[in-house]
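One file, work.pdb, carrying PDB, C-alpha atoms:
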```pdb
MODEL        1
ATOM      1  CA  MET A 248     -59.896 310.908  23.449
ATOM      2  CA  ARG A 249     -60.960 313.728  25.725
ATOM      3  CA  ASN A 250     -64.463 312.439  25.522
ATOM      4  CA  PRO A 251     -64.809 309.410  27.819
ATOM      5  CA  ARG A 252     -67.477 308.006  25.523
ATOM      6  CA  THR A 253     -65.124 308.011  22.538
ATOM      7  CA  PHE A 254     -62.525 306.296  24.641
ATOM      8  CA  LEU A 255     -64.952 303.603  25.705
ATOM      9  CA  LEU A 256     -66.007 303.044  22.130
ATOM     10  CA  ALA A 257     -62.409 302.716  21.009
ATOM     11  CA  LEU A 258     -61.812 300.232  23.806
ATOM     12  CA  LEU A 259     -64.843 298.201  22.751
ATOM     13  CA  VAL A 260     -63.746 298.151  19.141
ATOM     14  CA  ALA A 261     -60.255 297.066  20.174
ATOM     15  CA  ALA A 262     -61.641 294.315  22.401
ATOM     16  CA  HIS A 263     -63.908 293.120  19.616
ATOM     17  CA  TRP A 264     -61.014 292.879  17.179
ATOM     18  CA  ALA A 265     -58.874 291.081  19.683
ATOM     19  CA  ALA A 266     -61.634 288.557  20.322
ATOM     20  CA  ALA A 267     -62.580 288.077  16.683
ATOM     21  CA  ALA A 268     -59.117 287.633  15.219
ATOM     22  CA  PRO A 269     -58.418 284.060  16.397
ATOM     23  CA  ALA A 270     -61.845 282.941  15.194
ATOM     24  CA  TRP A 271     -61.048 284.171  11.695
ATOM     25  CA  ALA A 272     -57.706 282.475  11.727
ATOM     26  CA  GLN A 273     -59.349 279.214  12.736
ATOM     27  CA  GLU A 274     -61.945 279.379  10.005
ATOM     28  CA  ALA A 275     -59.640 280.517   7.247
ATOM     29  CA  ALA A 276     -57.482 277.402   7.449
ATOM     30  CA  PRO A 277     -59.844 274.789   5.971
ATOM     31  CA  ALA A 278     -61.036 277.211   3.288
ATOM     32  CA  ALA A 279     -57.507 277.562   2.017
ATOM     33  CA  GLU A 280     -57.159 273.787   1.911
ATOM     34  CA  ASP A 281     -59.784 273.193  -0.721
ATOM     35  CA  PRO A 282     -61.891 276.133  -1.872
ATOM     36  CA  VAL A 283     -64.142 273.972  -4.048
ATOM     37  CA  LEU A 284     -65.028 271.647  -1.182
ATOM     38  CA  GLU A 285     -65.517 274.642   1.088
ATOM     39  CA  LYS A 286     -67.938 276.178  -1.378
ATOM     40  CA  ARG A 287     -69.957 272.958  -1.640
ATOM     41  CA  MET A 288     -69.942 272.639   2.147
ATOM     42  CA  MET A 289     -71.206 276.193   2.612
ATOM     43  CA  LYS A 290     -73.969 275.614   0.075
ATOM     44  CA  ILE A 291     -75.289 272.745   2.210
ATOM     45  CA  ALA A 292     -74.630 274.595   5.451
ATOM     46  CA  GLU A 293     -76.827 277.439   4.237
ATOM     47  CA  VAL A 294     -79.964 275.305   4.268
ATOM     48  CA  LEU A 295     -79.318 273.816   7.704
ATOM     49  CA  ARG A 296     -80.422 275.491  10.896
ATOM     50  CA  CYS A 297     -78.100 275.806  13.849
ATOM     51  CA  LEU A 298     -79.993 274.371  16.806
ATOM     52  CA  VAL A 299     -78.068 276.445  19.315
ATOM     53  CA  CYS A 300     -78.766 279.862  17.814
ATOM     54  CA  GLN A 301     -81.951 278.979  16.067
ATOM     55  CA  ASN A 302     -82.280 281.890  13.698
ATOM     56  CA  GLN A 303     -78.956 281.250  12.048
ATOM     57  CA  THR A 304     -77.888 278.673   9.540
ATOM     58  CA  ILE A 305     -74.888 276.544  10.394
ATOM     59  CA  ALA A 306     -73.093 278.522   7.681
ATOM     60  CA  ASP A 307     -73.619 281.775   9.600
ATOM     61  CA  SER A 308     -73.279 280.543  13.129
ATOM     62  CA  ARG A 309     -70.108 280.484  15.156
ATOM     63  CA  ALA A 310     -71.536 278.139  17.757
ATOM     64  CA  ASP A 311     -69.415 275.097  18.546
ATOM     65  CA  LEU A 312     -72.087 272.783  17.251
ATOM     66  CA  ALA A 313     -72.262 274.643  13.933
ATOM     67  CA  LEU A 314     -68.495 274.323  13.517
ATOM     68  CA  ASP A 315     -68.748 270.590  14.241
ATOM     69  CA  LEU A 316     -71.602 270.110  11.825
ATOM     70  CA  ARG A 317     -69.738 271.996   9.113
ATOM     71  CA  GLN A 318     -66.836 269.662   9.710
ATOM     72  CA  GLN A 319     -69.228 266.726   9.379
ATOM     73  CA  VAL A 320     -70.491 268.070   6.056
ATOM     74  CA  ARG A 321     -66.909 268.564   4.869
ATOM     75  CA  GLU A 322     -65.940 265.007   5.785
ATOM     76  CA  GLN A 323     -69.002 263.483   4.220
ATOM     77  CA  LEU A 324     -68.447 265.428   0.999
ATOM     78  CA  LYS A 325     -64.882 264.174   0.952
ATOM     79  CA  ALA A 326     -66.213 260.657   1.403
ATOM     80  CA  GLY A 327     -68.276 261.191  -1.736
ATOM     81  CA  ARG A 328     -71.753 261.474  -0.252
ATOM     82  CA  SER A 329     -74.343 263.483  -2.118
ATOM     83  CA  GLU A 330     -75.922 266.700  -0.937
ATOM     84  CA  GLN A 331     -79.240 264.963  -0.318
ATOM     85  CA  GLN A 332     -77.591 262.152   1.651
ATOM     86  CA  ILE A 333     -75.936 264.699   3.947
ATOM     87  CA  ILE A 334     -79.173 266.603   4.469
ATOM     88  CA  ASP A 335     -80.956 263.321   5.258
ATOM     89  CA  TYR A 336     -78.212 262.511   7.730
ATOM     90  CA  MET A 337     -78.856 265.776   9.560
ATOM     91  CA  VAL A 338     -82.634 265.324   9.522
ATOM     92  CA  ALA A 339     -82.287 261.803  10.953
ATOM     93  CA  ARG A 340     -80.477 263.277  13.969
ATOM     94  CA  TYR A 341     -82.029 266.670  14.519
ATOM     95  CA  GLY A 342     -85.442 266.366  12.873
ATOM     96  CA  ASP A 343     -87.111 268.579  10.291
ATOM     97  CA  PHE A 344     -86.323 271.560  12.465
ATOM     98  CA  VAL A 345     -82.777 271.462  11.141
ATOM     99  CA  LEU A 346     -84.080 272.392   7.691
ATOM    100  CA  TYR A 347     -84.486 276.081   7.029
ATOM    101  CA  ASN A 348     -87.123 275.185   4.434
ATOM    102  CA  PRO A 349     -89.679 273.035   6.239
ATOM    103  CA  PRO A 350     -90.808 270.099   4.045
ATOM    104  CA  VAL A 351     -94.397 270.008   2.815
ATOM    105  CA  LYS A 352     -96.164 267.179   4.654
ATOM    106  CA  SER A 353     -99.357 266.649   6.591
ATOM    107  CA  THR A 354     -97.996 268.208   9.797
ATOM    108  CA  THR A 355     -96.828 271.328   7.995
ATOM    109  CA  TRP A 356     -99.833 271.902   5.767
ATOM    110  CA  LEU A 357    -101.125 274.584   8.111
ATOM    111  CA  LEU A 358     -97.752 276.294   7.963
ATOM    112  CA  TRP A 359     -97.515 276.204   4.182
ATOM    113  CA  PHE A 360    -101.126 276.734   3.179
ATOM    114  CA  GLY A 361    -102.534 278.538   6.248
ATOM    115  CA  PRO A 362    -101.644 282.015   4.962
ATOM    116  CA  PHE A 363    -103.270 281.286   1.586
ATOM    117  CA  ALA A 364    -106.355 279.900   3.334
ATOM    118  CA  LEU A 365    -106.543 283.098   5.419
ATOM    119  CA  LEU A 366    -106.145 285.174   2.280
ATOM    120  CA  GLY A 367    -108.982 283.193   0.680
ATOM    121  CA  VAL A 368    -111.222 283.777   3.710
ATOM    122  CA  GLY A 369    -110.381 287.490   3.616
ATOM    123  CA  LEU A 370    -111.203 287.743  -0.079
ATOM    124  CA  GLY A 371    -114.450 285.856   0.513
ATOM    125  CA  VAL A 372    -115.499 288.228   3.293
ATOM    126  CA  LEU A 373    -114.563 291.211   1.138
ATOM    127  CA  TYR A 374    -116.575 289.845  -1.782
ATOM    128  CA  ILE A 375    -119.690 289.276   0.337
ATOM    129  CA  LYS A 376    -119.398 292.721   1.926
ATOM    130  CA  LEU A 377    -119.009 294.449  -1.419
ATOM    131  CA  ARG A 378    -121.901 292.542  -2.922
ATOM    132  CA  ASN A 379    -124.185 293.449  -0.001
ATOM    133  CA  ARG A 380    -123.185 297.099  -0.219
ATOM    134  CA  GLY A 381    -124.061 297.112  -3.921
ATOM    135  CA  ARG A 382    -127.479 295.731  -3.109
ATOM    136  CA  ARG A 383    -128.153 298.241  -0.393
ATOM    137  CA  THR A 384    -127.753 301.206  -2.799
ATOM    138  CA  ASP A 385    -130.352 299.605  -5.026
ATOM    139  CA  ALA A 386    -132.839 299.446  -2.196
ATOM    140  CA  SER A 387    -135.703 301.756  -3.021
ATOM    141  CA  LEU A 388    -137.213 304.175  -0.533
ATOM    142  CA  THR A 389    -140.679 303.928   0.879
ATOM    143  CA  GLU A 390    -143.193 306.632  -0.015
ATOM    144  CA  ALA A 391    -142.776 308.439   3.314
ATOM    145  CA  GLU A 392    -138.959 308.375   3.003
ATOM    146  CA  ARG A 393    -139.091 309.691  -0.514
ATOM    147  CA  ALA A 394    -141.360 312.562   0.551
ATOM    148  CA  ARG A 395    -139.052 313.456   3.437
ATOM    149  CA  ALA A 396    -135.990 313.306   1.217
ATOM    150  CA  GLU A 397    -137.593 315.635  -1.269
ATOM    151  CA  SER A 398    -138.535 318.151   1.345
ATOM    152  CA  LEU A 399    -135.021 317.972   2.813
ATOM    153  CA  LEU A 400    -133.528 318.595  -0.612
ATOM    154  CA  ALA A 401    -135.841 321.489  -1.097
ATOM    155  CA  GLY A 402    -134.612 322.932   2.207
ATOM    156  CA  ASP A 403    -138.101 323.024   3.760
ATOM    157  CA  GLU A 404    -137.227 321.000   6.757
ATOM    158  CA  ARG A 405    -134.565 321.725   9.341
ATOM    159  CA  ARG A 406    -132.912 318.960  11.244
ATOM    160  CA  ASP A 407    -134.606 318.980  14.600
ATOM    161  CA  GLU A 408    -131.594 317.730  16.493
ATOM    162  CA  ALA A 409    -128.825 320.315  16.204
TER     163      ALA A 409
ATOM    164  CA  MET B 258    -122.312 296.661  20.643
ATOM    165  CA  LYS B 259    -122.753 293.798  18.219
ATOM    166  CA  ARG B 260    -120.188 295.039  15.734
ATOM    167  CA  PHE B 261    -117.467 294.753  18.393
ATOM    168  CA  LEU B 262    -118.146 291.056  18.929
ATOM    169  CA  LEU B 263    -116.259 289.772  15.903
ATOM    170  CA  PRO B 264    -113.064 291.809  16.486
ATOM    171  CA  LEU B 265    -113.235 290.823  20.150
ATOM    172  CA  ALA B 266    -113.520 287.140  19.229
ATOM    173  CA  VAL B 267    -110.578 287.454  16.820
ATOM    174  CA  PHE B 268    -108.565 289.213  19.517
ATOM    175  CA  LEU B 269    -109.314 286.509  22.078
ATOM    176  CA  VAL B 270    -108.277 283.754  19.667
ATOM    177  CA  LEU B 271    -105.057 285.653  19.026
ATOM    178  CA  VAL B 272    -104.428 285.990  22.772
ATOM    179  CA  VAL B 273    -104.909 282.255  23.259
ATOM    180  CA  PHE B 274    -102.454 281.424  20.463
ATOM    181  CA  LEU B 275     -99.879 283.910  21.729
ATOM    182  CA  ALA B 276    -100.247 282.603  25.272
ATOM    183  CA  ILE B 277     -99.603 279.047  24.083
ATOM    184  CA  GLY B 278     -96.685 280.271  21.970
ATOM    185  CA  LEU B 279     -95.110 282.054  24.903
ATOM    186  CA  ARG B 280     -95.278 278.964  27.078
ATOM    187  CA  LEU B 281     -93.552 276.747  24.536
ATOM    188  CA  ASN B 282     -89.814 276.498  24.824
ATOM    189  CA  PRO B 283     -88.299 276.944  21.364
ATOM    190  CA  HIS B 284     -85.107 275.342  22.595
ATOM    191  CA  GLU B 285     -86.851 272.043  23.153
ATOM    192  CA  VAL B 286     -86.720 270.530  19.719
ATOM    193  CA  PRO B 287     -88.417 267.118  19.642
ATOM    194  CA  SER B 288     -85.919 264.422  18.755
ATOM    195  CA  PRO B 289     -86.589 262.267  15.705
ATOM    196  CA  LEU B 290     -84.672 259.487  17.465
ATOM    197  CA  ILE B 291     -87.451 258.603  19.907
ATOM    198  CA  GLY B 292     -88.578 255.068  19.152
ATOM    199  CA  LYS B 293     -85.493 254.390  17.053
ATOM    200  CA  PRO B 294     -82.499 252.241  17.967
ATOM    201  CA  ALA B 295     -79.881 254.201  19.873
ATOM    202  CA  PRO B 296     -76.992 254.963  17.491
ATOM    203  CA  ALA B 297     -74.068 252.599  17.951
ATOM    204  CA  PHE B 298     -70.805 254.015  19.215
ATOM    205  CA  ARG B 299     -67.514 252.767  20.556
ATOM    206  CA  VAL B 300     -65.275 255.245  22.329
ATOM    207  CA  PRO B 301     -62.759 255.130  25.177
ATOM    208  CA  THR B 302     -64.079 255.425  28.686
ATOM    209  CA  LEU B 303     -63.377 258.597  30.581
ATOM    210  CA  ALA B 304     -61.671 256.733  33.410
ATOM    211  CA  GLU B 305     -59.311 254.593  31.319
ATOM    212  CA  PRO B 306     -58.223 255.663  27.825
ATOM    213  CA  GLY B 307     -57.290 252.059  27.065
ATOM    214  CA  LYS B 308     -60.778 250.699  27.675
ATOM    215  CA  THR B 309     -63.706 251.280  25.382
ATOM    216  CA  ILE B 310     -67.421 251.418  25.924
ATOM    217  CA  GLY B 311     -70.201 251.134  23.382
ATOM    218  CA  ARG B 312     -73.922 250.949  23.028
ATOM    219  CA  ASP B 313     -73.818 247.192  22.447
ATOM    220  CA  ASP B 314     -72.312 246.591  25.898
ATOM    221  CA  LEU B 315     -75.518 247.894  27.409
ATOM    222  CA  VAL B 316     -78.141 246.020  25.444
ATOM    223  CA  GLY B 317     -80.399 243.925  27.681
ATOM    224  CA  LYS B 318     -81.021 246.486  30.400
ATOM    225  CA  VAL B 319     -82.805 249.784  30.750
ATOM    226  CA  TRP B 320     -80.281 252.581  31.137
ATOM    227  CA  LEU B 321     -79.931 256.327  31.151
ATOM    228  CA  LEU B 322     -77.464 258.121  28.940
ATOM    229  CA  ASN B 323     -76.646 261.494  30.437
ATOM    230  CA  VAL B 324     -74.675 263.902  28.250
ATOM    231  CA  TRP B 325     -72.470 266.085  30.414
ATOM    232  CA  ALA B 326     -69.331 268.193  30.444
ATOM    233  CA  SER B 327     -67.228 269.876  33.094
ATOM    234  CA  TRP B 328     -67.685 273.208  31.297
ATOM    235  CA  CYS B 329     -71.457 272.909  31.427
ATOM    236  CA  VAL B 330     -73.068 275.066  34.081
ATOM    237  CA  SER B 331     -76.484 273.390  34.015
ATOM    238  CA  CYS B 332     -74.799 270.035  34.624
ATOM    239  CA  ARG B 333     -73.852 271.281  38.081
ATOM    240  CA  GLU B 334     -77.481 272.057  38.664
ATOM    241  CA  GLU B 335     -78.675 268.524  37.892
ATOM    242  CA  HIS B 336     -75.680 266.757  39.416
ATOM    243  CA  PRO B 337     -77.067 266.294  42.972
ATOM    244  CA  LEU B 338     -80.190 264.770  41.477
ATOM    245  CA  LEU B 339     -78.145 262.272  39.466
ATOM    246  CA  MET B 340     -76.103 261.423  42.570
ATOM    247  CA  ASP B 341     -79.307 260.754  44.439
ATOM    248  CA  LEU B 342     -80.759 258.708  41.579
ATOM    249  CA  SER B 343     -77.646 256.556  41.351
ATOM    250  CA  LYS B 344     -77.792 255.895  45.114
ATOM    251  CA  ARG B 345     -81.382 254.743  44.795
ATOM    252  CA  GLY B 346     -80.160 252.136  42.310
ATOM    253  CA  LEU B 347     -83.302 252.268  40.169
ATOM    254  CA  VAL B 348     -81.501 252.530  36.877
ATOM    255  CA  PRO B 349     -77.866 252.494  35.794
ATOM    256  CA  ILE B 350     -76.699 255.917  34.590
ATOM    257  CA  TYR B 351     -74.048 256.080  31.916
ATOM    258  CA  GLY B 352     -72.387 259.351  31.083
ATOM    259  CA  LEU B 353     -71.425 260.750  27.734
ATOM    260  CA  ASN B 354     -68.661 263.194  28.470
ATOM    261  CA  TYR B 355     -69.110 265.664  25.632
ATOM    262  CA  LYS B 356     -66.293 267.771  24.147
ATOM    263  CA  ASP B 357     -64.356 267.954  27.351
ATOM    264  CA  ALA B 358     -60.730 267.738  28.430
ATOM    265  CA  ARG B 359     -60.119 264.401  30.117
ATOM    266  CA  GLU B 360     -58.370 265.874  33.179
ATOM    267  CA  ASP B 361     -61.095 268.478  33.685
ATOM    268  CA  ALA B 362     -63.829 265.869  33.475
ATOM    269  CA  GLN B 363     -62.048 263.476  35.816
ATOM    270  CA  ARG B 364     -61.436 266.247  38.346
ATOM    271  CA  TRP B 365     -65.080 267.267  38.134
ATOM    272  CA  LEU B 366     -66.161 263.735  39.077
ATOM    273  CA  ARG B 367     -63.589 263.507  41.870
ATOM    274  CA  GLU B 368     -64.718 266.773  43.397
ATOM    275  CA  MET B 369     -68.478 266.518  42.903
ATOM    276  CA  GLY B 370     -68.980 262.749  43.050
ATOM    277  CA  ASP B 371     -69.486 260.273  40.235
ATOM    278  CA  PRO B 372     -73.069 259.127  39.615
ATOM    279  CA  TYR B 373     -72.126 257.176  36.486
ATOM    280  CA  VAL B 374     -71.474 253.465  36.109
ATOM    281  CA  ALA B 375     -69.078 254.650  33.416
ATOM    282  CA  SER B 376     -68.669 257.644  31.170
ATOM    283  CA  ALA B 377     -67.931 257.455  27.472
ATOM    284  CA  TYR B 378     -65.354 259.996  26.394
ATOM    285  CA  ASP B 379     -66.564 261.886  23.334
ATOM    286  CA  ARG B 380     -63.744 264.334  22.791
ATOM    287  CA  GLU B 381     -64.815 265.493  19.323
ATOM    288  CA  GLY B 382     -68.550 265.420  19.949
ATOM    289  CA  ARG B 383     -69.152 262.814  17.239
ATOM    290  CA  VAL B 384     -71.253 260.513  19.370
ATOM    291  CA  GLY B 385     -73.125 263.640  20.387
ATOM    292  CA  ILE B 386     -73.960 264.422  16.764
ATOM    293  CA  ASP B 387     -75.208 260.866  16.222
ATOM    294  CA  TYR B 388     -77.522 261.313  19.194
ATOM    295  CA  GLY B 389     -78.701 264.703  17.964
ATOM    296  CA  VAL B 390     -77.216 266.461  20.967
ATOM    297  CA  TYR B 391     -77.348 270.231  20.574
ATOM    298  CA  GLY B 392     -76.902 271.346  24.135
ATOM    299  CA  VAL B 393     -75.643 269.917  27.369
ATOM    300  CA  PRO B 394     -77.063 268.373  29.502
ATOM    301  CA  GLU B 395     -79.383 265.993  27.717
ATOM    302  CA  THR B 396     -80.626 262.680  29.044
ATOM    303  CA  PHE B 397     -81.848 259.662  27.098
ATOM    304  CA  VAL B 398     -83.845 256.704  28.387
ATOM    305  CA  ILE B 399     -82.826 253.591  26.464
ATOM    306  CA  ASP B 400     -84.658 250.278  26.798
ATOM    307  CA  GLN B 401     -83.525 246.642  26.865
ATOM    308  CA  ALA B 402     -83.582 246.395  23.082
ATOM    309  CA  GLY B 403     -81.416 249.473  22.770
ATOM    310  CA  VAL B 404     -84.255 251.706  21.592
ATOM    311  CA  ILE B 405     -84.397 255.349  22.678
ATOM    312  CA  ARG B 406     -87.656 255.829  24.539
ATOM    313  CA  TYR B 407     -87.363 259.344  25.872
ATOM    314  CA  LYS B 408     -85.134 262.378  25.678
ATOM    315  CA  HIS B 409     -84.941 265.078  28.286
ATOM    316  CA  ILE B 410     -83.415 268.356  27.165
ATOM    317  CA  GLY B 411     -81.700 270.510  29.769
ATOM    318  CA  PRO B 412     -81.025 269.644  33.394
ATOM    319  CA  VAL B 413     -83.222 266.886  34.781
ATOM    320  CA  THR B 414     -85.601 268.429  37.286
ATOM    321  CA  PRO B 415     -87.137 266.512  40.205
ATOM    322  CA  ALA B 416     -90.535 267.021  38.549
ATOM    323  CA  ALA B 417     -89.379 265.576  35.208
ATOM    324  CA  LEU B 418     -87.726 262.686  37.000
ATOM    325  CA  GLU B 419     -90.761 261.747  39.074
ATOM    326  CA  SER B 420     -93.443 262.381  36.473
ATOM    327  CA  LYS B 421     -91.772 261.180  33.273
ATOM    328  CA  ILE B 422     -88.487 259.371  33.615
ATOM    329  CA  LEU B 423     -89.055 257.089  36.612
ATOM    330  CA  PRO B 424     -92.566 255.972  35.564
ATOM    331  CA  LEU B 425     -91.194 255.138  32.121
ATOM    332  CA  ILE B 426     -88.335 253.143  33.631
ATOM    333  CA  ARG B 427     -90.758 251.240  35.867
ATOM    334  CA  GLU B 428     -92.931 250.487  32.872
ATOM    335  CA  LEU B 429     -89.959 249.269  30.820
ATOM    336  CA  ASP B 430     -88.623 247.180  33.704
ATOM    337  CA  ALA B 431     -92.011 245.562  34.139
ATOM    338  CA  LYS B 432     -91.902 244.365  30.536
ATOM    339  CA  SER B 433     -88.725 242.355  30.934
TER     340      SER B 433
ENDMDL
END
```
Represent the structure of the file as structure tokens.
Amino acid sequence: MRNPRTFLLALLVAAHWAAAAPAWAQEAAPAAEDPVLEKRMMKIAEVLRCLVCQNQTIADSRADLALDLRQQVREQLKAGRSEQQIIDYMVARYGDFVLYNPPVKSTTWLLWFGPFALLGVGLGVLYIKLRNRGRRTDASLTEAERARAESLLAGDERRDEA
Amino acid sequence: MKRFLLPLAVFLVLVVFLAIGLRLNPHEVPSPLIGKPAPAFRVPTLAEPGKTIGRDDLVGKVWLLNVWASWCVSCREEHPLLMDLSKRGLVPIYGLNYKDAREDAQRWLREMGDPYVASAYDREGRVGIDYGVYGVPETFVIDQAGVIRYKHIGPVTPAALESKILPLIRELDAKS
């Protein structure tokens, strides 16, 4: 601990543990209650986006809203609702954005098929380019060009710009 | 020169798309509830635990539902505007006190002023989930038939109030 940086790091680690511990305790409780239900809940939570921290699923997120929504899923599973019914329930409230896998419909066609369309365009351009290049090598020389090429090959002519 | 034109065009298109993308706010997720009946609820009022308030009490008039909490910093920002709006008497504002402690919320209103006709007390955030609330504050415009007509995410700004919310309320009022 002579090094102040080491000390700071240790302090940070300690603070992190202190802050994280109660959160674990809070989350562990329902899991212990019914591991099967918890597993089913997490499976659904993994396909739902947390709207607060948008790049996390509600299974990953520790945001208040994610905890509430997980509780909702738990309760609805207990009440015997199906996975699809619960997902529909979330979509009705938060929109398609809540789904990590956006549904295929007219507004998302660009999203789903855009990359393939771009790939197609790229392949098309490549094909045309390659075909044109093939043609160009076939192109025959004029008489004057042929004569010049021959003399160049024979080493008679020096390049005048040099 | 000519061979640079295509890459330049592609680059410009990219710039336009990125510029639009940067100006969008990813935290403003359009609500699927616009144009749908406001979800029913019945919860105690913030002022009196023994009294309840629900959506059905408010059918027949245009009203604002403002989701707020004493722990919400942005709510402080929009609060003077709500106070002013309630004084103008253009539209009744109802509060949805979201995931708050009752004493904290009541103190907040005592200290800062109460722009609400009444506040519903949503301790567990369940009404919030039904309304697709994912941040506080949020404000809903609900019409005479109890249909959600507009949702404002984040603190109501004077610009949003004057350009969107008030014209909509005038339009809805004119219909009745």
Produce a table with one row for each residue of chain A that has an atom at most 12 Å from any atom of chain B, each row naming the nearest atom pair and its distance in Å at one decimal; use all atoms listed in the file; arrange rows by chain and rising residue number; format as a Markdown table.
```
| residue | atom | partner | partner_atom | distance |
| --- | --- | --- | --- | --- |
| A:Arg296 | CA | B:Tyr391 | CA | 11.4 |
| A:Cys297 | CA | B:Tyr391 | CA | 8.8 |
| A:Leu298 | CA | B:Tyr391 | CA | 6.2 |
| A:Val299 | CA | B:Tyr391 | CA | 6.4 |
| A:Cys300 | CA | B:His284 | CA | 9.1 |
| A:Gln301 | CA | B:His284 | CA | 8.1 |
| A:Asn302 | CA | B:Pro283 | CA | 10.9 |
| A:Ala310 | CA | B:Tyr391 | CA | 10.2 |
| A:Asp311 | CA | B:Tyr391 | CA | 9.5 |
| A:Leu312 | CA | B:Tyr391 | CA | 6.7 |
| A:Ala313 | CA | B:Tyr391 | CA | 9.5 |
| A:Leu314 | CA | B:Gly382 | CA | 11.0 |
| A:Asp315 | CA | B:Gly382 | CA | 7.7 |
| A:Leu316 | CA | B:Ile386 | CA | 7.9 |
| A:Arg317 | CA | B:Ile386 | CA | 11.6 |
| A:Gln318 | CA | B:Arg383 | CA | 10.4 |
| A:Gln319 | CA | B:Arg383 | CA | 8.8 |
| A:Val320 | CA | B:Ile386 | CA | 11.8 |
| A:Asp335 | CA | B:Pro289 | CA | 11.9 |
| A:Tyr336 | CA | B:Asp387 | CA | 9.2 |
| A:Met337 | CA | B:Gly389 | CA | 8.5 |
| A:Val338 | CA | B:Pro289 | CA | 8.0 |
| A:Ala339 | CA | B:Pro289 | CA | 6.4 |
| A:Arg340 | CA | B:Gly389 | CA | 4.6 |
| A:Tyr341 | CA | B:Gly389 | CA | 5.2 |
| A:Gly342 | CA | B:Pro289 | CA | 5.1 |
| A:Asp343 | CA | B:Pro289 | CA | 8.3 |
| A:Phe344 | CA | B:Val286 | CA | 7.3 |
| A:Val345 | CA | B:Val286 | CA | 9.5 |
```
Please dump the current selection as an mmCIF file, keeping the file's coordinate frame; keep C-alpha atoms.
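That gives us out.cif:
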```
data_model
loop_
_atom_site.group_PDB
_atom_site.id
_atom_site.type_symbol
_atom_site.label_atom_id
_atom_site.label_comp_id
_atom_site.auth_asym_id
_atom_site.auth_seq_id
_atom_site.Cartn_x
_atom_site.Cartn_y
_atom_site.Cartn_z
ATOM 1 C CA ARG A 296 -80.422 275.491 10.896
ATOM 2 C CA CYS A 297 -78.100 275.806 13.849
ATOM 3 C CA LEU A 298 -79.993 274.371 16.806
ATOM 4 C CA VAL A 299 -78.068 276.445 19.315
ATOM 5 C CA CYS A 300 -78.766 279.862 17.814
ATOM 6 C CA GLN A 301 -81.951 278.979 16.067
ATOM 7 C CA ASN A 302 -82.280 281.890 13.698
ATOM 8 C CA ALA A 310 -71.536 278.139 17.757
ATOM 9 C CA ASP A 311 -69.415 275.097 18.546
ATOM 10 C CA LEU A 312 -72.087 272.783 17.251
ATOM 11 C CA ALA A 313 -72.262 274.643 13.933
ATOM 12 C CA LEU A 314 -68.495 274.323 13.517
ATOM 13 C CA ASP A 315 -68.748 270.590 14.241
ATOM 14 C CA LEU A 316 -71.602 270.110 11.825
ATOM 15 C CA ARG A 317 -69.738 271.996 9.113
ATOM 16 C CA GLN A 318 -66.836 269.662 9.710
ATOM 17 C CA GLN A 319 -69.228 266.726 9.379
ATOM 18 C CA VAL A 320 -70.491 268.070 6.056
ATOM 19 C CA ASP A 335 -80.956 263.321 5.258
ATOM 20 C CA TYR A 336 -78.212 262.511 7.730
ATOM 21 C CA MET A 337 -78.856 265.776 9.560
ATOM 22 C CA VAL A 338 -82.634 265.324 9.522
ATOM 23 C CA ALA A 339 -82.287 261.803 10.953
ATOM 24 C CA ARG A 340 -80.477 263.277 13.969
ATOM 25 C CA TYR A 341 -82.029 266.670 14.519
ATOM 26 C CA GLY A 342 -85.442 266.366 12.873
ATOM 27 C CA ASP A 343 -87.111 268.579 10.291
ATOM 28 C CA PHE A 344 -86.323 271.560 12.465
ATOM 29 C CA VAL A 345 -82.777 271.462 11.141
#
```
Pick the closest to Arg328 (chain A) from A:Leu377, A:Val283, A:Met288, A:Val351: which is it, counting all atoms listed in the file?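 Result for the nearest residue to Arg328 (chain A): A:Met288.
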Find the spatial neighbours of Arg427 (chain B), counting all atoms listed in the file, within a cut-off of 12 Å - ignore same-chain residues fewer than 6 positions away - and output them as a short mmCIF file (atom, residue, chain, number, x, y, z; two decimals) with C-alpha atoms, in the coordinates of the input.
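Ended up saving to selection_24.cif:
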```cif
data_model
loop_
_atom_site.label_atom_id
_atom_site.label_comp_id
_atom_site.auth_asym_id
_atom_site.auth_seq_id
_atom_site.Cartn_x
_atom_site.Cartn_y
_atom_site.Cartn_z
CA VAL B 319 -82.80 249.78 30.75
CA TRP B 320 -80.28 252.58 31.14
CA LEU B 347 -83.30 252.27 40.17
CA VAL B 348 -81.50 252.53 36.88
CA VAL B 398 -83.84 256.70 28.39
CA ASP B 400 -84.66 250.28 26.80
CA LEU B 418 -87.73 262.69 37.00
CA GLU B 419 -90.76 261.75 39.07
CA SER B 420 -93.44 262.38 36.47
CA LYS B 421 -91.77 261.18 33.27
CA SER B 433 -88.72 242.36 30.93
#
```
Using only C-alpha atoms, determine which residues lie at most 12 Å from Ala402 (chain B), disregarding the query and same-chain residues fewer than 3 positions distant; provide the list as a list in words.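 The neighbour list is Gly292, Lys293, Pro294, Ala295, Arg312, Asp313, Asp314, Leu315, Val316, Gly317, Lys318, Val319, Trp320, Val398, Ile399, Ile405, Arg406, Leu429, Asp430, Lys432 and Ser433 of chain B.
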To test your reading of the syntax: which residues would the PyMOL selection byres ((chain B and resi 370) around 12) return for the file shown? Reply as a count of residues only. 21
What's the 7 Å shell around region 298-301 of chain B, counting all atoms listed in the file, without same-chain residues fewer than 6 positions away, as an NGL selection string? :B and (307-312 or 377-379 or 384)
By how many Å are CA of Asp307 (chain A) and CA of Ser329 (chain A) apart? 21.7 Å
How many Å lie between CA of Tyr407 (chain B) and CA of Ile422 (chain B), rounded to one decimal?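 Those two atoms sit 7.8 Å apart.
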